[in-house]
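Enquirer: I have a structure I would like to understand better, so I am pasting it below and will then ask my questions one at a time.
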Amino acid sequence: MTELKNVPEELRVVNIGLDNFTKAFSDTNTPFIGLDWRPPAQGDAEIVDLLFHLQLMEKDENCLTRVEQANKIAVERIMASQPILIGVKPAHEVFPEMKKNSIFHAGPPVAWRDMCGPMQGAFIGAIRYEGLAQTEEEAVALMEQGKIEYSPNHNHGAVGPMTGMISYSMPVFVVKNETYGNYGYCTINEGLGEVMRFGANGEKVITRLKWLEQVLAPVLDKAIKKAGGVNLKNIIAQALAMGDEMHQRNVAASLLFYRTISGELSQEVAGREDAKDIVEFIAKKNDQFFLNLAMVASKAIMDSARDIPHSTVVTAMSRNGVEFGINVSGLGSRWFTAPVNMPEGLYFPGYTEEDANPDMGDSTIVECIGIGGFAMGCAPAVVNFVGAGSVSAAIKYSESMGEITVTRNANLPMPNLNFQGVATGIDISKVVETGILPIINTGIAHKKPGIGQVGAGIVRPPMKIFLEALRAFMKNEGL
């Protein structure tokens, strides 16, 4: 055997790639560094070539390619946006295109025959809520006969959690992005239990929706106007410092919102019984009240970054229980879709993965601005709820999201990550190059309509949509 020369007595190892090789070093107490490396674009030669061409683009006087310059504009708009809640209005008053038989839904476009159980159940409920049908059978017949017009919320500047129903009479939050003048809309969170967002459609569900429409919404609208509007971005920043991430945990944000309008609210409620019900609904019995506000704030922010030529920033992520879809700034309203993944997480007692519906809802808009799963590292209490493993693992998630985004938003700092800003501006080219997919916190719905939430977890989009979006983008750029 050839004698090895000049080998140090104490080895120091750098392992590139698979973690499996490091076990031998751990077992022998050999110092090592694990370098998390993977081939760009998962080794896809075509995509590597496209990424190479992106880097070779002509640069401007600031040494930025036209893509980099466009992405800089996109994230500057995101960070400069000021989403202000200005009121609550019936949907038909803010959507001029809405008819009595119109329903908007979560996710990319989906046909009635292809919808998952909770989505179909929610459509049936919305039709009955509007008085277009008295029974489930009548509602199904209207859908099958094509007498209900339906389209994605995102096509109308709106968002909704889980099934995301918005129908003619439903009250919606109205949020104005004061910096750029665009608007966003979202329904009021229904609370816990049997709710339409999980596909329930019985009398109890419709009664609660009517209470939101007839009792809560008018009072909220008056209180918000009397308060001169509510800056939702300020509440989000404060809530991050108090342990919320605004997707699966909204305890602090909901209470901060209530505190902001409580004085005005008390002046607008007519009866003592209504006052009790309203206060308990917002501040006591509905920890997720602010979720819908975080979503509409994020929508108003992200819409300001749409339609920027040459930009690779993702402006929307959404799922309908069948497909996951994204929009990209430089590609306008075009959807890139692929089959949606199943969340990985923890289930409530009595339920398992066998009961779960694939991921669903527009709530992934919050990850687009850098909160939700992207900010999980500053929300320790949510870690066990979504089955993220540990606080240190959650911190790693938040840190890794910086590798697939354009910048970090100093306006939304994460205190226990040394106040670094949330990762902002998901870049499809960075997702493809690194192989790192956006991390999303999510609720898990039962696959049968009406049963409701059966757990919570984390999920990632399918890589296919980012690959297809990048190919389309490069073709659009003439490359």
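By order of appearance in the structure tokens: chains A, B, ..., then residues from 1 within every chain, and ligands from 1 in the order shown.
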Please identify every residue of stretch 275-362 of chain A that has at least one atom no farther than 12 Å from an atom of stretch 218-226 of chain A, counting only C-alpha atoms, and for each give the shortest atom pair and the distance in Å to one decimal, arranged by chain then increasing number, as CSV.
Expert:
```
residue,atom,partner,partner_atom,distance
A:Ala275,CA,A:Val219,CA,9.9
A:Ile278,CA,A:Val219,CA,9.1
A:Val279,CA,A:Leu220,CA,11.1
A:Ile282,CA,A:Leu220,CA,10.6
```
Enquirer: So that I have them on file, write out the residues from the current selection with C-alpha atoms, as a short mmCIF file (atom, residue, chain, number, x, y, z; two decimals), in the first residue's frame.
Expert:
```cif
data_model
loop_
_atom_site.label_atom_id
_atom_site.label_comp_id
_atom_site.auth_asym_id
_atom_site.auth_seq_id
_atom_site.Cartn_x
_atom_site.Cartn_y
_atom_site.Cartn_z
CA ALA A 275 -71.95 44.95 21.38
CA ILE A 278 -69.22 41.89 18.14
CA VAL A 279 -66.52 42.29 20.78
CA ILE A 282 -63.35 40.01 17.01
#
```
Enquirer: Can you tell me, as a list of chain:residue names, what residues are no more than 7 Å from stretch 449-457 of chain A when counting only C-alpha atoms, ignoring any on the same chain fewer than 5 positions away?
Expert: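 Non-adjacent residues within range: A:Gly117, A:Pro118, A:Gly121, A:Gly193, A:Glu194, A:Phe198, A:Gly199, A:Ala200, A:Asn201, A:Pro343, A:Glu344, A:Gly345, A:Leu346, A:Tyr347, A:Phe348, A:Tyr351, A:Phe385, A:Val386, A:Gly387, A:Asn441, A:Thr442, A:Gly443, A:Ile444.
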Enquirer: Take atom CA of A:Cys186 and atom CA of A:Thr312 and report the distance between them in Å, one decimal.
Expert: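 Going from atom CA of A:Cys186 over to atom CA of A:Thr312, I get 26.0 Å.
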Enquirer: Provide the atom CA of A:Asp362 to atom CA of A:Phe95 distance in Å, to one decimal place.
Expert: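 Atom CA of A:Phe95 lies 18.1 Å from atom CA of A:Asp362.
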Enquirer: Might you pull out every residue within 8 Å of A:Leu417, with only C-alpha atoms counted and same-chain residues fewer than 4 positions away left off, and present them as a CSV table (one decimal) with C-alpha atoms, in the first residue's frame?
Expert:
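Written file, out_33.csv:
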```csv
chain,number,residue,atom,x,y,z
A,377,GLY,CA,-38.8,32.0,12.7
A,378,CYS,CA,-40.2,34.9,14.7
A,395,ILE,CA,-35.5,30.1,11.9
```
Enquirer: Got a sec: who's within 12 Å of A:Ala122, counting only C-alpha atoms, leaving out chain neighbours fewer than 6 positions off, as a PDB file with N, CA and C atoms, in the first residue's frame?
Expert:
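Ended up saving to part_4.pdb:
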```
ATOM      1  N   ILE A 103     -70.003  34.402  -8.642  1.00  0.00           N
ATOM      2  CA  ILE A 103     -69.269  33.950  -7.461  1.00  0.00           C
ATOM      3  C   ILE A 103     -67.786  33.925  -7.795  1.00  0.00           C
ATOM      4  N   PHE A 104     -66.990  34.535  -6.923  1.00  0.00           N
ATOM      5  CA  PHE A 104     -65.538  34.473  -7.059  1.00  0.00           C
ATOM      6  C   PHE A 104     -65.014  33.418  -6.088  1.00  0.00           C
ATOM      7  N   HIS A 105     -63.918  32.758  -6.461  1.00  0.00           N
ATOM      8  CA  HIS A 105     -63.391  31.662  -5.652  1.00  0.00           C
ATOM      9  C   HIS A 105     -61.875  31.751  -5.524  1.00  0.00           C
ATOM     10  N   ALA A 106     -61.329  30.959  -4.614  1.00  0.00           N
ATOM     11  CA  ALA A 106     -59.885  30.939  -4.396  1.00  0.00           C
ATOM     12  C   ALA A 106     -59.180  30.145  -5.491  1.00  0.00           C
ATOM     13  N   TRP A 112     -66.309  23.426 -12.549  1.00  0.00           N
ATOM     14  CA  TRP A 112     -67.160  22.811 -11.524  1.00  0.00           C
ATOM     15  C   TRP A 112     -66.906  21.310 -11.398  1.00  0.00           C
ATOM     16  N   MET A 115     -63.703  20.502  -9.392  1.00  0.00           N
ATOM     17  CA  MET A 115     -63.488  21.056  -8.055  1.00  0.00           C
ATOM     18  C   MET A 115     -63.418  19.955  -6.997  1.00  0.00           C
ATOM     19  N   CYS A 116     -62.643  20.232  -5.933  1.00  0.00           N
ATOM     20  CA  CYS A 116     -62.594  19.324  -4.796  1.00  0.00           C
ATOM     21  C   CYS A 116     -63.888  19.432  -3.986  1.00  0.00           C
ATOM     22  N   ARG A 128     -77.070  29.181  -2.093  1.00  0.00           N
ATOM     23  CA  ARG A 128     -78.204  29.202  -1.164  1.00  0.00           C
ATOM     24  C   ARG A 128     -78.211  30.501  -0.349  1.00  0.00           C
ATOM     25  N   TYR A 129     -77.035  30.971   0.040  1.00  0.00           N
ATOM     26  CA  TYR A 129     -76.922  32.231   0.793  1.00  0.00           C
ATOM     27  C   TYR A 129     -77.526  33.384   0.002  1.00  0.00           C
ATOM     28  N   GLU A 136     -79.790  21.904  -1.859  1.00  0.00           N
ATOM     29  CA  GLU A 136     -78.495  21.542  -2.431  1.00  0.00           C
ATOM     30  C   GLU A 136     -78.660  21.061  -3.866  1.00  0.00           C
ATOM     31  N   ALA A 139     -79.065  23.937  -6.214  1.00  0.00           N
ATOM     32  CA  ALA A 139     -77.796  24.646  -6.392  1.00  0.00           C
ATOM     33  C   ALA A 139     -76.880  23.896  -7.354  1.00  0.00           C
ATOM     34  N   VAL A 140     -76.804  22.573  -7.197  1.00  0.00           N
ATOM     35  CA  VAL A 140     -75.981  21.760  -8.094  1.00  0.00           C
ATOM     36  C   VAL A 140     -76.486  21.881  -9.531  1.00  0.00           C
ATOM     37  N   PRO A 161     -59.745  33.167   1.998  1.00  0.00           N
ATOM     38  CA  PRO A 161     -59.101  31.983   2.565  1.00  0.00           C
ATOM     39  C   PRO A 161     -59.797  30.689   2.167  1.00  0.00           C
ATOM     40  N   MET A 162     -59.024  29.600   2.067  1.00  0.00           N
ATOM     41  CA  MET A 162     -59.514  28.262   1.757  1.00  0.00           C
ATOM     42  C   MET A 162     -60.367  28.278   0.475  1.00  0.00           C
ATOM     43  N   THR A 163     -61.675  28.004   0.537  1.00  0.00           N
ATOM     44  CA  THR A 163     -62.480  28.008  -0.690  1.00  0.00           C
ATOM     45  C   THR A 163     -62.618  29.414  -1.259  1.00  0.00           C
ATOM     46  N   GLY A 164     -62.530  30.430  -0.384  1.00  0.00           N
ATOM     47  CA  GLY A 164     -62.444  31.823  -0.829  1.00  0.00           C
ATOM     48  C   GLY A 164     -63.702  32.422  -1.413  1.00  0.00           C
ATOM     49  N   MET A 165     -64.881  31.928  -1.049  1.00  0.00           N
ATOM     50  CA  MET A 165     -66.118  32.415  -1.663  1.00  0.00           C
ATOM     51  C   MET A 165     -66.343  33.918  -1.482  1.00  0.00           C
ATOM     52  N   ILE A 166     -66.646  34.603  -2.570  1.00  0.00           N
ATOM     53  CA  ILE A 166     -67.158  35.979  -2.542  1.00  0.00           C
ATOM     54  C   ILE A 166     -68.368  36.020  -3.465  1.00  0.00           C
ATOM     55  N   SER A 167     -69.531  36.253  -2.884  1.00  0.00           N
ATOM     56  CA  SER A 167     -70.756  36.346  -3.684  1.00  0.00           C
ATOM     57  C   SER A 167     -71.355  37.744  -3.548  1.00  0.00           C
ATOM     58  N   GLU A 194     -68.182  25.289  11.931  1.00  0.00           N
ATOM     59  CA  GLU A 194     -68.740  25.065  10.599  1.00  0.00           C
ATOM     60  C   GLU A 194     -68.724  26.377   9.824  1.00  0.00           C
ATOM     61  N   VAL A 195     -67.912  26.439   8.796  1.00  0.00           N
ATOM     62  CA  VAL A 195     -67.757  27.681   8.038  1.00  0.00           C
ATOM     63  C   VAL A 195     -67.658  27.374   6.548  1.00  0.00           C
ATOM     64  N   MET A 196     -68.074  28.328   5.736  1.00  0.00           N
ATOM     65  CA  MET A 196     -68.106  28.120   4.299  1.00  0.00           C
ATOM     66  C   MET A 196     -66.714  27.968   3.710  1.00  0.00           C
ATOM     67  N   ARG A 197     -65.716  28.596   4.329  1.00  0.00           N
ATOM     68  CA  ARG A 197     -64.375  28.498   3.744  1.00  0.00           C
ATOM     69  C   ARG A 197     -63.855  27.061   3.741  1.00  0.00           C
ATOM     70  N   PHE A 198     -64.427  26.196   4.586  1.00  0.00           N
ATOM     71  CA  PHE A 198     -64.077  24.780   4.574  1.00  0.00           C
ATOM     72  C   PHE A 198     -65.137  23.923   3.890  1.00  0.00           C
ATOM     73  N   GLY A 199     -66.082  24.561   3.224  1.00  0.00           N
ATOM     74  CA  GLY A 199     -67.066  23.830   2.442  1.00  0.00           C
ATOM     75  C   GLY A 199     -68.394  23.576   3.111  1.00  0.00           C
ATOM     76  N   ALA A 200     -68.574  24.028   4.357  1.00  0.00           N
ATOM     77  CA  ALA A 200     -69.858  23.835   5.034  1.00  0.00           C
ATOM     78  C   ALA A 200     -70.915  24.738   4.404  1.00  0.00           C
ATOM     79  N   ASN A 201     -72.152  24.268   4.371  1.00  0.00           N
ATOM     80  CA  ASN A 201     -73.191  25.048   3.688  1.00  0.00           C
ATOM     81  C   ASN A 201     -74.565  24.916   4.331  1.00  0.00           C
ATOM     82  N   GLY A 202     -74.625  24.502   5.598  1.00  0.00           N
ATOM     83  CA  GLY A 202     -75.902  24.334   6.274  1.00  0.00           C
ATOM     84  C   GLY A 202     -76.489  25.644   6.775  1.00  0.00           C
ATOM     85  N   VAL A 205     -74.315  27.886   8.972  1.00  0.00           N
ATOM     86  CA  VAL A 205     -73.302  28.639   8.209  1.00  0.00           C
ATOM     87  C   VAL A 205     -73.924  29.879   7.591  1.00  0.00           C
ATOM     88  N   ILE A 206     -75.069  29.705   6.962  1.00  0.00           N
ATOM     89  CA  ILE A 206     -75.733  30.825   6.291  1.00  0.00           C
ATOM     90  C   ILE A 206     -76.205  31.867   7.308  1.00  0.00           C
ATOM     91  N   ASN A 320     -56.497  25.990  -5.415  1.00  0.00           N
ATOM     92  CA  ASN A 320     -57.953  25.759  -5.399  1.00  0.00           C
ATOM     93  C   ASN A 320     -58.331  24.366  -4.901  1.00  0.00           C
ATOM     94  N   LYS A 448     -63.950  16.104   2.713  1.00  0.00           N
ATOM     95  CA  LYS A 448     -65.405  16.157   2.565  1.00  0.00           C
ATOM     96  C   LYS A 448     -65.908  17.533   2.978  1.00  0.00           C
ATOM     97  N   PRO A 449     -66.836  18.119   2.225  1.00  0.00           N
ATOM     98  CA  PRO A 449     -67.319  19.464   2.559  1.00  0.00           C
ATOM     99  C   PRO A 449     -68.023  19.504   3.907  1.00  0.00           C
ATOM    100  N   GLY A 450     -67.766  20.589   4.643  1.00  0.00           N
ATOM    101  CA  GLY A 450     -68.525  20.826   5.860  1.00  0.00           C
ATOM    102  C   GLY A 450     -67.877  20.382   7.139  1.00  0.00           C
ATOM    103  N   ILE A 451     -66.921  19.459   7.069  1.00  0.00           N
ATOM    104  CA  ILE A 451     -66.305  18.975   8.308  1.00  0.00           C
ATOM    105  C   ILE A 451     -65.360  20.020   8.882  1.00  0.00           C
ATOM    106  N   GLY A 452     -64.651  20.715   8.003  1.00  0.00           N
ATOM    107  CA  GLY A 452     -63.820  21.831   8.463  1.00  0.00           C
ATOM    108  C   GLY A 452     -62.354  21.510   8.549  1.00  0.00           C
TER     109      GLY A 452
END
```
Enquirer: Could you check which of A:Ala423, A:Val159, A:Leu142, A:Ile458 is closest to A:Thr405, using only C-alpha atoms?
Expert: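 Smallest separation from A:Thr405 among the options: A:Ala423.
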Enquirer: Among stretch 52-300 of chain A, which ones does DSSP assign to strand (DSSP E or B) (computed from the backbone)? Answer as a PyMOL selection string.
Expert: chain A and resi 59+65+83-90+102-105+149-152+158-159+166-167+171-177+183-187+230-231
Enquirer: Next, write the just-selected residues to a file, as a JSON list (two decimals), in the first residue's frame, keeping C-alpha atoms as the atom set.
Expert:
```json
[["chain", "number", "residue", "atom", "x", "y", "z"],
["A", 59, "LYS", "CA", -26.40, 45.84, -18.06],
["A", 65, "THR", "CA", -29.48, 43.66, -16.14],
["A", 83, "PRO", "CA", -52.29, 49.32, 2.73],
["A", 84, "ILE", "CA", -55.03, 51.28, 4.54],
["A", 85, "LEU", "CA", -58.32, 49.66, 5.51],
["A", 86, "ILE", "CA", -60.93, 52.26, 4.53],
["A", 87, "GLY", "CA", -64.24, 50.44, 4.91],
["A", 88, "VAL", "CA", -66.47, 47.39, 4.57],
["A", 89, "LYS", "CA", -68.89, 47.21, 1.63],
["A", 90, "PRO", "CA", -71.20, 44.67, -0.03],
["A", 102, "SER", "CA", -71.59, 35.75, -9.88],
["A", 103, "ILE", "CA", -69.27, 33.95, -7.46],
["A", 104, "PHE", "CA", -65.54, 34.47, -7.06],
["A", 105, "HIS", "CA", -63.39, 31.66, -5.65],
["A", 149, "GLU", "CA", -70.75, 32.72, -13.44],
["A", 150, "TYR", "CA", -67.55, 32.05, -11.53],
["A", 151, "SER", "CA", -63.91, 33.12, -11.70],
["A", 152, "PRO", "CA", -60.82, 33.46, -9.46],
["A", 158, "ALA", "CA", -59.54, 40.11, -4.34],
["A", 159, "VAL", "CA", -58.52, 37.18, -2.14],
["A", 166, "ILE", "CA", -67.16, 35.98, -2.54],
["A", 167, "SER", "CA", -70.76, 36.35, -3.68],
["A", 171, "PRO", "CA", -69.43, 42.16, 2.84],
["A", 172, "VAL", "CA", -65.78, 42.70, 1.91],
["A", 173, "PHE", "CA", -62.98, 44.68, 3.49],
["A", 174, "VAL", "CA", -61.87, 47.51, 1.21],
["A", 175, "VAL", "CA", -58.16, 48.30, 1.39],
["A", 176, "LYS", "CA", -56.49, 51.12, -0.50],
["A", 177, "ASN", "CA", -52.78, 51.13, -1.24],
["A", 183, "TYR", "CA", -57.39, 48.57, -4.08],
["A", 184, "GLY", "CA", -57.71, 45.08, -2.59],
["A", 185, "TYR", "CA", -60.76, 43.20, -1.27],
["A", 186, "CYS", "CA", -61.43, 40.25, 1.03],
["A", 187, "THR", "CA", -64.38, 38.85, 2.97],
["A", 230, "VAL", "CA", -56.50, 51.60, 9.72],
["A", 231, "ASN", "CA", -52.89, 51.17, 8.61]]
```
Enquirer: Enumerate as a PyMOL selection string all residues of stretch 289-425 of chain A assigned to alpha helix (DSSP H) by DSSP on the backbone, naming them with the chain letters and numbers the document uses.
Expert: chain A and resi 289-303+365-369+380-386+391-400
Enquirer: Let me see the file: selected residues, C-alpha atoms, as a PDB file, in the first residue's frame.
Expert:
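Written output follows (out_20.pdb):
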```pdb
ATOM      1  CA  PHE A 289     -59.909  37.375  12.592  1.00  0.00           C
ATOM      2  CA  PHE A 290     -56.895  39.276  11.243  1.00  0.00           C
ATOM      3  CA  LEU A 291     -55.973  36.574   8.708  1.00  0.00           C
ATOM      4  CA  ASN A 292     -58.309  38.043   6.099  1.00  0.00           C
ATOM      5  CA  LEU A 293     -56.941  41.521   6.786  1.00  0.00           C
ATOM      6  CA  ALA A 294     -53.359  40.289   6.384  1.00  0.00           C
ATOM      7  CA  MET A 295     -54.405  38.710   3.091  1.00  0.00           C
ATOM      8  CA  VAL A 296     -56.074  41.784   1.658  1.00  0.00           C
ATOM      9  CA  ALA A 297     -53.186  43.991   2.806  1.00  0.00           C
ATOM     10  CA  SER A 298     -50.795  41.631   1.016  1.00  0.00           C
ATOM     11  CA  LYS A 299     -52.978  41.648  -2.104  1.00  0.00           C
ATOM     12  CA  ALA A 300     -53.059  45.449  -2.230  1.00  0.00           C
ATOM     13  CA  ILE A 301     -49.280  45.482  -1.781  1.00  0.00           C
ATOM     14  CA  MET A 302     -48.494  42.820  -4.381  1.00  0.00           C
ATOM     15  CA  ASP A 303     -50.819  44.217  -7.033  1.00  0.00           C
ATOM     16  CA  ILE A 365     -50.538  35.866  -0.886  1.00  0.00           C
ATOM     17  CA  VAL A 366     -49.098  36.636   2.574  1.00  0.00           C
ATOM     18  CA  GLU A 367     -45.936  34.660   1.789  1.00  0.00           C
ATOM     19  CA  CYS A 368     -45.519  36.830  -1.312  1.00  0.00           C
ATOM     20  CA  ILE A 369     -44.811  39.867   0.893  1.00  0.00           C
ATOM     21  CA  PRO A 380     -42.296  30.268  18.129  1.00  0.00           C
ATOM     22  CA  ALA A 381     -45.842  29.407  19.220  1.00  0.00           C
ATOM     23  CA  VAL A 382     -46.858  28.441  15.690  1.00  0.00           C
ATOM     24  CA  VAL A 383     -44.049  25.899  15.259  1.00  0.00           C
ATOM     25  CA  ASN A 384     -45.722  23.012  17.089  1.00  0.00           C
ATOM     26  CA  PHE A 385     -49.126  23.879  15.623  1.00  0.00           C
ATOM     27  CA  VAL A 386     -47.917  23.450  12.027  1.00  0.00           C
ATOM     28  CA  VAL A 391     -37.914  26.862  16.632  1.00  0.00           C
ATOM     29  CA  SER A 392     -34.410  26.461  15.208  1.00  0.00           C
ATOM     30  CA  ALA A 393     -35.888  24.723  12.148  1.00  0.00           C
ATOM     31  CA  ALA A 394     -38.387  27.562  11.745  1.00  0.00           C
ATOM     32  CA  ILE A 395     -35.538  30.072  11.895  1.00  0.00           C
ATOM     33  CA  LYS A 396     -33.728  28.149   9.161  1.00  0.00           C
ATOM     34  CA  TYR A 397     -36.858  28.327   7.015  1.00  0.00           C
ATOM     35  CA  SER A 398     -36.954  32.111   7.432  1.00  0.00           C
ATOM     36  CA  GLU A 399     -33.250  32.419   6.664  1.00  0.00           C
ATOM     37  CA  SER A 400     -33.403  30.153   3.596  1.00  0.00           C
TER      38      SER A 400
END
```
Enquirer: At a cut-off of 8 Å, using only C-alpha atoms, what residues contact A:Ala252? Leave out same-chain residues fewer than 3 positions from it and give the result as a ChimeraX atom specification.
Expert: /A:239,242-244,255-256
